[in-house]
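Q: Pasting my_file-v3.cif here (mmCIF, N, CA and C atoms):
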data_entry
loop_
_atom_site.label_atom_id
_atom_site.label_comp_id
_atom_site.auth_asym_id
_atom_site.auth_seq_id
_atom_site.Cartn_x
_atom_site.Cartn_y
_atom_site.Cartn_z
N PHE A 1 9.85 -1.01 107.94
CA PHE A 1 9.62 0.13 107.06
C PHE A 1 8.19 0.11 106.50
N ALA A 2 7.76 -1.03 105.95
CA ALA A 2 6.42 -1.12 105.37
C ALA A 2 5.35 -0.92 106.43
N ASP A 3 5.61 -1.38 107.64
CA ASP A 3 4.64 -1.24 108.71
C ASP A 3 4.37 0.23 109.01
N LEU A 4 5.34 1.09 108.79
CA LEU A 4 5.17 2.52 109.05
C LEU A 4 4.49 3.24 107.89
N HIS A 5 4.62 2.72 106.69
CA HIS A 5 4.15 3.44 105.52
C HIS A 5 2.89 2.87 104.88
N ASP A 6 2.69 1.59 104.96
CA ASP A 6 1.56 0.97 104.27
C ASP A 6 0.35 0.78 105.18
N ARG A 7 0.01 1.79 105.89
CA ARG A 7 -1.18 1.78 106.74
C ARG A 7 -2.38 2.26 105.93
N ALA A 8 -3.54 1.77 106.29
CA ALA A 8 -4.75 2.10 105.55
C ALA A 8 -5.02 3.60 105.52
N GLY A 9 -4.83 4.26 106.63
CA GLY A 9 -5.07 5.71 106.68
C GLY A 9 -4.16 6.46 105.73
N ARG A 10 -2.90 6.08 105.70
CA ARG A 10 -1.94 6.74 104.81
C ARG A 10 -2.24 6.43 103.35
N MET A 11 -2.62 5.18 103.08
CA MET A 11 -2.94 4.80 101.71
C MET A 11 -4.19 5.54 101.21
N ALA A 12 -5.16 5.72 102.08
CA ALA A 12 -6.37 6.47 101.70
C ALA A 12 -6.02 7.93 101.46
N ALA A 13 -5.14 8.49 102.27
CA ALA A 13 -4.74 9.88 102.10
C ALA A 13 -4.01 10.09 100.77
N LYS A 14 -3.26 9.09 100.34
CA LYS A 14 -2.53 9.18 99.08
C LYS A 14 -3.40 8.83 97.87
N GLY A 15 -4.62 8.35 98.10
CA GLY A 15 -5.52 8.02 97.01
C GLY A 15 -5.28 6.63 96.42
N VAL A 16 -4.52 5.80 97.09
CA VAL A 16 -4.25 4.45 96.61
C VAL A 16 -5.45 3.54 96.84
N ILE A 17 -6.18 3.77 97.92
CA ILE A 17 -7.41 3.04 98.20
C ILE A 17 -8.52 4.06 98.41
N ARG A 18 -9.77 3.62 98.24
CA ARG A 18 -10.90 4.54 98.40
C ARG A 18 -11.21 4.83 99.86
N LYS A 19 -11.18 3.77 100.68
CA LYS A 19 -11.51 3.95 102.09
C LYS A 19 -10.90 2.81 102.89
N GLU A 20 -10.83 3.02 104.18
CA GLU A 20 -10.35 1.97 105.07
C GLU A 20 -11.47 0.97 105.30
N LEU A 21 -11.09 -0.30 105.43
CA LEU A 21 -12.07 -1.34 105.72
C LEU A 21 -11.93 -1.81 107.15
N ARG A 22 -13.06 -2.11 107.75
CA ARG A 22 -13.02 -2.78 109.05
C ARG A 22 -12.99 -4.27 108.76
N TRP A 23 -12.24 -4.98 109.54
CA TRP A 23 -12.07 -6.42 109.33
C TRP A 23 -13.41 -7.15 109.28
N ALA A 24 -14.34 -6.75 110.10
CA ALA A 24 -15.64 -7.42 110.17
C ALA A 24 -16.43 -7.25 108.86
N GLU A 25 -16.15 -6.22 108.10
CA GLU A 25 -16.88 -5.95 106.86
C GLU A 25 -16.10 -6.35 105.62
N ALA A 26 -14.89 -6.82 105.76
CA ALA A 26 -14.01 -7.08 104.62
C ALA A 26 -14.57 -8.14 103.68
N ARG A 27 -15.08 -9.23 104.22
CA ARG A 27 -15.59 -10.31 103.37
C ARG A 27 -16.74 -9.82 102.50
N SER A 28 -17.69 -9.13 103.09
CA SER A 28 -18.83 -8.60 102.35
C SER A 28 -18.37 -7.59 101.30
N PHE A 29 -17.45 -6.72 101.68
CA PHE A 29 -16.94 -5.71 100.75
C PHE A 29 -16.34 -6.38 99.52
N PHE A 30 -15.44 -7.33 99.72
CA PHE A 30 -14.77 -7.97 98.60
C PHE A 30 -15.70 -8.88 97.80
N TYR A 31 -16.70 -9.47 98.46
CA TYR A 31 -17.68 -10.29 97.75
C TYR A 31 -18.39 -9.44 96.69
N TYR A 32 -18.92 -8.29 97.11
CA TYR A 32 -19.64 -7.43 96.17
C TYR A 32 -18.71 -6.77 95.17
N ARG A 33 -17.50 -6.49 95.57
CA ARG A 33 -16.53 -5.89 94.65
C ARG A 33 -16.22 -6.87 93.51
N VAL A 34 -15.96 -8.11 93.86
CA VAL A 34 -15.65 -9.12 92.84
C VAL A 34 -16.88 -9.41 91.99
N LYS A 35 -18.03 -9.51 92.60
CA LYS A 35 -19.27 -9.77 91.87
C LYS A 35 -19.53 -8.66 90.84
N ARG A 36 -19.34 -7.44 91.24
CA ARG A 36 -19.52 -6.30 90.34
C ARG A 36 -18.51 -6.35 89.21
N ARG A 37 -17.24 -6.57 89.54
CA ARG A 37 -16.19 -6.58 88.52
C ARG A 37 -16.40 -7.71 87.51
N LEU A 38 -16.86 -8.86 87.96
CA LEU A 38 -17.14 -9.96 87.04
C LEU A 38 -18.26 -9.59 86.07
N ALA A 39 -19.30 -8.96 86.58
CA ALA A 39 -20.41 -8.53 85.72
C ALA A 39 -19.94 -7.50 84.71
N GLU A 40 -19.14 -6.54 85.17
CA GLU A 40 -18.61 -5.52 84.26
C GLU A 40 -17.72 -6.14 83.18
N GLU A 41 -16.84 -7.03 83.59
CA GLU A 41 -15.92 -7.65 82.63
C GLU A 41 -16.67 -8.50 81.61
N HIS A 42 -17.76 -9.14 82.03
CA HIS A 42 -18.58 -9.90 81.09
C HIS A 42 -19.16 -8.97 80.02
N LEU A 43 -19.68 -7.82 80.43
CA LEU A 43 -20.21 -6.85 79.47
C LEU A 43 -19.11 -6.27 78.59
N ARG A 44 -17.97 -5.97 79.19
CA ARG A 44 -16.84 -5.42 78.42
C ARG A 44 -16.43 -6.38 77.30
N LYS A 45 -16.39 -7.67 77.62
CA LYS A 45 -16.01 -8.67 76.63
C LYS A 45 -17.01 -8.69 75.49
N GLN A 46 -18.30 -8.64 75.80
CA GLN A 46 -19.33 -8.63 74.76
C GLN A 46 -19.21 -7.38 73.90
N MET A 47 -18.88 -6.26 74.51
CA MET A 47 -18.74 -5.02 73.76
C MET A 47 -17.52 -5.06 72.83
N ARG A 48 -16.44 -5.65 73.30
CA ARG A 48 -15.23 -5.73 72.46
C ARG A 48 -15.43 -6.65 71.26
N LEU A 49 -16.34 -7.61 71.35
CA LEU A 49 -16.65 -8.47 70.21
C LEU A 49 -17.26 -7.67 69.07
N VAL A 50 -18.02 -6.64 69.41
CA VAL A 50 -18.66 -5.80 68.41
C VAL A 50 -17.72 -4.69 67.95
N ASP A 51 -17.02 -4.07 68.90
CA ASP A 51 -16.14 -2.94 68.58
C ASP A 51 -14.87 -3.08 69.41
N ALA A 52 -13.82 -3.58 68.78
CA ALA A 52 -12.55 -3.80 69.49
C ALA A 52 -11.89 -2.49 69.92
N GLU A 53 -12.32 -1.39 69.34
CA GLU A 53 -11.72 -0.09 69.63
C GLU A 53 -12.33 0.60 70.85
N VAL A 54 -13.43 0.09 71.36
CA VAL A 54 -14.10 0.74 72.49
C VAL A 54 -13.18 0.69 73.70
N GLY A 55 -13.00 1.85 74.32
CA GLY A 55 -12.08 1.95 75.45
C GLY A 55 -12.73 1.65 76.78
N ARG A 56 -11.91 1.33 77.74
CA ARG A 56 -12.39 0.99 79.08
C ARG A 56 -13.12 2.17 79.72
N GLN A 57 -12.58 3.37 79.54
CA GLN A 57 -13.21 4.56 80.12
C GLN A 57 -14.59 4.79 79.50
N GLU A 58 -14.69 4.63 78.19
CA GLU A 58 -15.98 4.79 77.51
C GLU A 58 -16.99 3.75 78.01
N GLN A 59 -16.54 2.52 78.22
CA GLN A 59 -17.41 1.48 78.73
C GLN A 59 -17.90 1.83 80.13
N THR A 60 -16.99 2.27 80.98
CA THR A 60 -17.35 2.62 82.36
C THR A 60 -18.36 3.75 82.38
N GLU A 61 -18.16 4.75 81.54
CA GLU A 61 -19.10 5.87 81.47
C GLU A 61 -20.48 5.40 81.00
N LEU A 62 -20.48 4.47 80.07
CA LEU A 62 -21.74 3.93 79.58
C LEU A 62 -22.47 3.14 80.66
N PHE A 63 -21.73 2.31 81.40
CA PHE A 63 -22.33 1.55 82.50
C PHE A 63 -22.91 2.50 83.56
N ALA A 64 -22.16 3.54 83.86
CA ALA A 64 -22.62 4.52 84.86
C ALA A 64 -23.90 5.22 84.38
N LYS A 65 -23.97 5.52 83.10
CA LYS A 65 -25.17 6.15 82.54
C LYS A 65 -26.37 5.22 82.66
N TRP A 66 -26.17 3.95 82.33
CA TRP A 66 -27.27 2.98 82.43
C TRP A 66 -27.71 2.83 83.88
N PHE A 67 -26.74 2.78 84.78
CA PHE A 67 -27.05 2.62 86.20
C PHE A 67 -27.80 3.84 86.73
N ALA A 68 -27.44 5.03 86.27
CA ALA A 68 -28.09 6.26 86.71
C ALA A 68 -29.57 6.27 86.33
N LEU A 69 -29.93 5.61 85.24
CA LEU A 69 -31.33 5.51 84.86
C LEU A 69 -32.11 4.69 85.88
N PHE A 70 -31.41 3.77 86.53
CA PHE A 70 -32.01 2.92 87.56
C PHE A 70 -32.05 3.62 88.91
N ASP A 71 -30.92 4.22 89.30
CA ASP A 71 -30.81 4.87 90.61
C ASP A 71 -29.89 6.08 90.49
N ALA A 72 -30.47 7.24 90.32
CA ALA A 72 -29.69 8.45 90.12
C ALA A 72 -28.98 8.91 91.39
N GLN A 73 -29.43 8.43 92.55
CA GLN A 73 -28.84 8.87 93.81
C GLN A 73 -27.55 8.13 94.16
N ALA A 74 -27.45 6.87 93.77
CA ALA A 74 -26.28 6.05 94.13
C ALA A 74 -25.08 6.43 93.27
N ASP A 75 -23.90 6.23 93.81
CA ASP A 75 -22.66 6.55 93.11
C ASP A 75 -22.13 5.28 92.45
N TYR A 76 -22.13 5.26 91.14
CA TYR A 76 -21.68 4.08 90.40
C TYR A 76 -20.23 3.75 90.72
N ALA A 77 -19.42 4.74 90.91
CA ALA A 77 -17.98 4.51 91.10
C ALA A 77 -17.67 3.85 92.44
N THR A 78 -18.48 4.07 93.45
CA THR A 78 -18.10 3.60 94.79
C THR A 78 -19.06 2.61 95.43
N ASP A 79 -20.28 2.51 94.96
CA ASP A 79 -21.27 1.65 95.62
C ASP A 79 -21.29 0.26 94.98
N ASP A 80 -20.30 -0.55 95.30
CA ASP A 80 -20.15 -1.87 94.69
C ASP A 80 -21.35 -2.76 94.93
N LYS A 81 -21.89 -2.75 96.14
CA LYS A 81 -23.01 -3.63 96.46
C LYS A 81 -24.23 -3.29 95.62
N LYS A 82 -24.58 -2.02 95.56
CA LYS A 82 -25.77 -1.62 94.81
C LYS A 82 -25.58 -1.89 93.31
N VAL A 83 -24.39 -1.64 92.80
CA VAL A 83 -24.12 -1.88 91.37
C VAL A 83 -24.16 -3.38 91.07
N ALA A 84 -23.55 -4.19 91.92
CA ALA A 84 -23.56 -5.65 91.71
C ALA A 84 -24.98 -6.18 91.73
N MET A 85 -25.78 -5.70 92.67
CA MET A 85 -27.17 -6.14 92.75
C MET A 85 -27.96 -5.67 91.52
N TRP A 86 -27.66 -4.46 91.03
CA TRP A 86 -28.33 -3.95 89.84
C TRP A 86 -28.03 -4.84 88.64
N PHE A 87 -26.76 -5.20 88.45
CA PHE A 87 -26.40 -6.09 87.35
C PHE A 87 -27.17 -7.40 87.44
N GLU A 88 -27.28 -7.94 88.64
CA GLU A 88 -27.93 -9.24 88.83
C GLU A 88 -29.45 -9.16 88.69
N GLU A 89 -30.06 -8.19 89.35
CA GLU A 89 -31.51 -8.10 89.38
C GLU A 89 -32.13 -7.51 88.12
N ASN A 90 -31.34 -6.79 87.34
CA ASN A 90 -31.85 -6.14 86.14
C ASN A 90 -31.12 -6.63 84.89
N ALA A 91 -30.85 -7.91 84.85
CA ALA A 91 -30.09 -8.49 83.74
C ALA A 91 -30.77 -8.24 82.39
N GLU A 92 -32.10 -8.31 82.36
CA GLU A 92 -32.82 -8.07 81.10
C GLU A 92 -32.66 -6.62 80.64
N GLU A 93 -32.79 -5.70 81.58
CA GLU A 93 -32.64 -4.28 81.25
C GLU A 93 -31.22 -3.99 80.78
N VAL A 94 -30.24 -4.55 81.44
CA VAL A 94 -28.83 -4.37 81.04
C VAL A 94 -28.63 -4.95 79.64
N ALA A 95 -29.22 -6.11 79.38
CA ALA A 95 -29.10 -6.73 78.05
C ALA A 95 -29.74 -5.85 76.98
N GLN A 96 -30.85 -5.21 77.31
CA GLN A 96 -31.49 -4.30 76.36
C GLN A 96 -30.59 -3.09 76.06
N HIS A 97 -29.98 -2.55 77.11
CA HIS A 97 -29.05 -1.44 76.91
C HIS A 97 -27.87 -1.88 76.04
N LEU A 98 -27.37 -3.08 76.31
CA LEU A 98 -26.25 -3.61 75.54
C LEU A 98 -26.64 -3.83 74.08
N ASP A 99 -27.82 -4.37 73.84
CA ASP A 99 -28.30 -4.59 72.47
C ASP A 99 -28.43 -3.26 71.72
N ALA A 100 -28.96 -2.25 72.38
CA ALA A 100 -29.08 -0.93 71.76
C ALA A 100 -27.70 -0.37 71.44
N TRP A 101 -26.75 -0.54 72.36
CA TRP A 101 -25.39 -0.06 72.11
C TRP A 101 -24.76 -0.81 70.93
N LYS A 102 -24.97 -2.14 70.87
CA LYS A 102 -24.42 -2.94 69.78
C LYS A 102 -24.97 -2.46 68.44
N LYS A 103 -26.28 -2.21 68.39
CA LYS A 103 -26.90 -1.75 67.15
C LYS A 103 -26.30 -0.40 66.74
N ASP A 104 -26.13 0.49 67.70
CA ASP A 104 -25.55 1.79 67.41
C ASP A 104 -24.10 1.66 66.94
N ALA A 105 -23.33 0.79 67.59
CA ALA A 105 -21.93 0.59 67.21
C ALA A 105 -21.84 0.01 65.80
N GLU A 106 -22.69 -0.95 65.49
CA GLU A 106 -22.69 -1.54 64.15
C GLU A 106 -23.10 -0.51 63.11
N THR A 107 -24.06 0.33 63.45
CA THR A 107 -24.49 1.39 62.53
C THR A 107 -23.35 2.35 62.24
N ARG A 108 -22.64 2.76 63.30
CA ARG A 108 -21.49 3.66 63.10
C ARG A 108 -20.41 3.01 62.23
N LYS A 109 -20.19 1.71 62.47
CA LYS A 109 -19.17 0.98 61.71
C LYS A 109 -19.53 0.92 60.22
N VAL A 110 -20.77 0.53 59.93
CA VAL A 110 -21.21 0.41 58.54
C VAL A 110 -21.24 1.79 57.87
N ALA A 111 -21.72 2.80 58.59
CA ALA A 111 -21.77 4.15 58.02
C ALA A 111 -20.35 4.63 57.70
N GLY A 112 -19.41 4.34 58.57
CA GLY A 112 -18.02 4.73 58.31
C GLY A 112 -17.45 4.02 57.10
N GLN A 113 -17.80 2.75 56.94
CA GLN A 113 -17.31 2.01 55.78
C GLN A 113 -17.97 2.49 54.49
N LEU A 114 -19.26 2.77 54.55
CA LEU A 114 -19.98 3.22 53.35
C LEU A 114 -19.52 4.59 52.88
N SER A 115 -19.10 5.43 53.81
CA SER A 115 -18.69 6.78 53.41
C SER A 115 -17.41 6.78 52.58
N SER A 116 -16.63 5.72 52.66
CA SER A 116 -15.37 5.67 51.91
C SER A 116 -15.45 4.78 50.68
N VAL A 117 -16.64 4.29 50.36
CA VAL A 117 -16.82 3.38 49.23
C VAL A 117 -17.59 4.09 48.13
N SER A 118 -17.25 3.77 46.89
CA SER A 118 -17.95 4.39 45.76
C SER A 118 -19.38 3.88 45.65
N ASP A 119 -20.21 4.65 44.99
CA ASP A 119 -21.61 4.26 44.80
C ASP A 119 -21.70 2.97 44.00
N ASP A 120 -20.83 2.81 43.01
CA ASP A 120 -20.84 1.59 42.18
C ASP A 120 -20.56 0.36 43.04
N ALA A 121 -19.66 0.47 43.98
CA ALA A 121 -19.34 -0.65 44.86
C ALA A 121 -20.53 -1.00 45.75
N ILE A 122 -21.24 0.01 46.21
CA ILE A 122 -22.43 -0.23 47.04
C ILE A 122 -23.51 -0.93 46.22
N VAL A 123 -23.72 -0.46 44.98
CA VAL A 123 -24.71 -1.09 44.10
C VAL A 123 -24.33 -2.53 43.82
N ALA A 124 -23.04 -2.79 43.57
CA ALA A 124 -22.58 -4.15 43.30
C ALA A 124 -22.79 -5.04 44.52
N ALA A 125 -22.53 -4.51 45.69
CA ALA A 125 -22.73 -5.28 46.91
C ALA A 125 -24.20 -5.62 47.10
N LEU A 126 -25.08 -4.66 46.84
CA LEU A 126 -26.51 -4.91 46.97
C LEU A 126 -27.00 -5.92 45.95
N GLN A 127 -26.44 -5.88 44.75
CA GLN A 127 -26.84 -6.83 43.71
C GLN A 127 -26.39 -8.25 44.03
N SER A 128 -25.35 -8.37 44.85
CA SER A 128 -24.88 -9.70 45.21
C SER A 128 -25.77 -10.37 46.26
N LEU A 129 -26.67 -9.60 46.86
CA LEU A 129 -27.60 -10.15 47.86
C LEU A 129 -28.71 -10.92 47.15
N SER A 130 -29.36 -11.78 47.89
CA SER A 130 -30.50 -12.51 47.32
C SER A 130 -31.63 -11.52 47.05
N ALA A 131 -32.51 -11.89 46.16
CA ALA A 131 -33.63 -11.01 45.80
C ALA A 131 -34.49 -10.72 47.01
N GLU A 132 -34.70 -11.72 47.84
CA GLU A 132 -35.52 -11.55 49.05
C GLU A 132 -34.89 -10.52 50.00
N ARG A 133 -33.59 -10.64 50.18
CA ARG A 133 -32.88 -9.71 51.09
C ARG A 133 -32.90 -8.29 50.53
N ARG A 134 -32.74 -8.15 49.20
CA ARG A 134 -32.80 -6.81 48.59
C ARG A 134 -34.17 -6.18 48.80
N GLU A 135 -35.22 -6.99 48.67
CA GLU A 135 -36.59 -6.49 48.88
C GLU A 135 -36.78 -6.02 50.32
N GLN A 136 -36.23 -6.78 51.26
CA GLN A 136 -36.32 -6.39 52.67
C GLN A 136 -35.64 -5.05 52.90
N LEU A 137 -34.46 -4.90 52.34
CA LEU A 137 -33.72 -3.64 52.52
C LEU A 137 -34.44 -2.47 51.86
N LEU A 138 -34.96 -2.69 50.66
CA LEU A 138 -35.69 -1.62 49.96
C LEU A 138 -36.94 -1.21 50.75
N ALA A 139 -37.64 -2.18 51.31
CA ALA A 139 -38.83 -1.88 52.12
C ALA A 139 -38.44 -1.03 53.34
N LYS A 140 -37.33 -1.35 53.95
CA LYS A 140 -36.89 -0.56 55.12
C LYS A 140 -36.47 0.83 54.71
N LEU A 141 -35.83 0.96 53.55
CA LEU A 141 -35.39 2.27 53.08
C LEU A 141 -36.58 3.16 52.73
N LYS A 142 -37.68 2.60 52.29
CA LYS A 142 -38.87 3.36 51.91
C LYS A 142 -39.63 3.88 53.13
N GLN A 143 -39.39 3.30 54.29
CA GLN A 143 -40.10 3.72 55.52
C GLN A 143 -39.71 5.10 55.95
#
Would you mind writing the structure in this file as structure tokens?
A:
Amino acid sequence: FADLHDRAGRMAAKGVIRKELRWAEARSFFYYRVKRRLAEEHLRKQMRLVDAEVGRQEQTELFAKWFALFDAQADYATDDKKVAMWFEENAEEVAQHLDAWKKDAETRKVAGQLSSVSDDAIVAALQSLSAERREQLLAKLKQ
């Protein structure tokens, strides 16, 4: 029964797999697929440390956006080799994108918390900081 139904052509037609693989290319295909997925999962884990609410779809869209800045012609969803190589060869650039995202996520988090807190509580929190830290914050606010 399975031999009649679980053929690559039928599975591709049903959308269960993206494409049929030739045996000669299978090792290379899975090598880059796993390499890409490991890189993505590493970034996803770092993102969840900052914002546990960030969804997988949002992360994927963000990765695709970053990748498009590198190569607008390649398809992030299907080109595992090019994406895996991009993660590896552009680790610094990816880290910069991640740092910018972290800063933005932290900003949204703090802004959300501040919007629900009274002004007196904010003043009390600022007064609990060291004098040096308060001066740093005031200097940044004056810019």
Q: In Å to one decimal, how far is CA of Arg108 in chain A from CA of Leu129 in chain A?
A: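 Interatomic distance here is 21.5 Å.
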Q: Of the residues A:Glu61, A:Asp120, A:Glu132, A:Asp99, which is the one nearest to Met47 in chain A, using only C-alpha atoms?
A: A:Asp99
Q: Quick one: of A:Val123, A:Ala91, A:Ala52, A:Ala84, who's nearest to Val34 in chain A, counting only C-alpha atoms?
A: A:Ala84
Q: If I take atom C of Ser118 in chain A and CA of Ala100 in chain A, how far is one from the other in Å, to one decimal?
A: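 Computing the Euclidean distance for atom C of Ser118 in chain A and CA of Ala100 in chain A yields 28.3 Å.
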Q: Give me, as a list in words, all polymer residues having an atom no more than 7 Å from range 38-44 of chain A, counting only N, CA and C atoms and skipping those fewer than 5 positions away in the same chain.
A: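 Returned residues: Arg33, Leu49, Gln59 and Phe87 of chain A.
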Q: Could you please write out, as a ChimeraX atom specification, every residue of range 37-72 of chain A that DSSP assigns to helix (DSSP H, G or I)?
A: /A:37-50,56-70
Q: Do you have the atom N of Glu20 in chain A-CA of Ala8 in chain A distance handy?
A: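 Atom N of Glu20 in chain A sits 6.3 Å away from CA of Ala8 in chain A.
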Q: Return as a PyMOL selection string the set of residues that the PyMOL selection byres (((chain A and resi 85 and name CA) around 12) and name CA) yields on the displayed structure.
A: chain A and resi 31-37+39+67+70-71+76+79-84+86-91+94
Q: Is it possible to get the axis-aligned box enclosing range 30-35 of chain A (all listed atoms, 5 Å extra per side) as JSON, with centre and edge lengths in Å rounded to one decimal?
A:
{"center_x": -17.2, "center_y": -8.1, "center_z": 95.3, "size_x": 14.9, "size_y": 14.4, "size_z": 18.9}
Q: Which neighbours of Asp104 in chain A fall inside 12 Å, counting only C-alpha atoms, when residues of the same chain fewer than 5 positions from it are skipped, and could you give them as a ChimeraX atom specification?
A: /A:47,50-51,97-99,109-111
Q: Please complete range 30-41 of chain A with N, CA, C and O atoms and give it back as a compact mmCIF listing (two decimals), keeping the file's coordinate frame.
A:
# COMPACT_ATOMS: atom_id res chain seq x y z
N PHE A 30 -15.44 -7.33 99.72
CA PHE A 30 -14.77 -7.97 98.60
C PHE A 30 -15.70 -8.88 97.80
O PHE A 30 -15.54 -9.01 96.58
N TYR A 31 -16.70 -9.47 98.46
CA TYR A 31 -17.68 -10.29 97.75
C TYR A 31 -18.39 -9.44 96.69
O TYR A 31 -18.47 -9.82 95.51
N TYR A 32 -18.92 -8.29 97.11
CA TYR A 32 -19.64 -7.43 96.17
C TYR A 32 -18.71 -6.77 95.17
O TYR A 32 -19.09 -6.54 94.02
N ARG A 33 -17.50 -6.49 95.57
CA ARG A 33 -16.53 -5.89 94.65
C ARG A 33 -16.22 -6.87 93.51
O ARG A 33 -16.23 -6.50 92.34
N VAL A 34 -15.96 -8.11 93.86
CA VAL A 34 -15.65 -9.12 92.84
C VAL A 34 -16.88 -9.41 91.99
O VAL A 34 -16.78 -9.52 90.76
N LYS A 35 -18.03 -9.51 92.60
CA LYS A 35 -19.27 -9.77 91.87
C LYS A 35 -19.53 -8.66 90.84
O LYS A 35 -19.88 -8.93 89.69
N ARG A 36 -19.34 -7.44 91.24
CA ARG A 36 -19.52 -6.30 90.34
C ARG A 36 -18.51 -6.35 89.21
O ARG A 36 -18.85 -6.17 88.04
N ARG A 37 -17.24 -6.57 89.54
CA ARG A 37 -16.19 -6.58 88.52
C ARG A 37 -16.40 -7.71 87.51
O ARG A 37 -16.15 -7.53 86.32
N LEU A 38 -16.86 -8.86 87.96
CA LEU A 38 -17.14 -9.96 87.04
C LEU A 38 -18.26 -9.59 86.07
O LEU A 38 -18.18 -9.88 84.87
N ALA A 39 -19.30 -8.96 86.58
CA ALA A 39 -20.41 -8.53 85.72
C ALA A 39 -19.94 -7.50 84.71
O ALA A 39 -20.28 -7.56 83.52
N GLU A 40 -19.14 -6.54 85.17
CA GLU A 40 -18.61 -5.52 84.26
C GLU A 40 -17.72 -6.14 83.18
O GLU A 40 -17.83 -5.81 82.00
N GLU A 41 -16.84 -7.03 83.59
CA GLU A 41 -15.92 -7.65 82.63
C GLU A 41 -16.67 -8.50 81.61
O GLU A 41 -16.28 -8.56 80.44
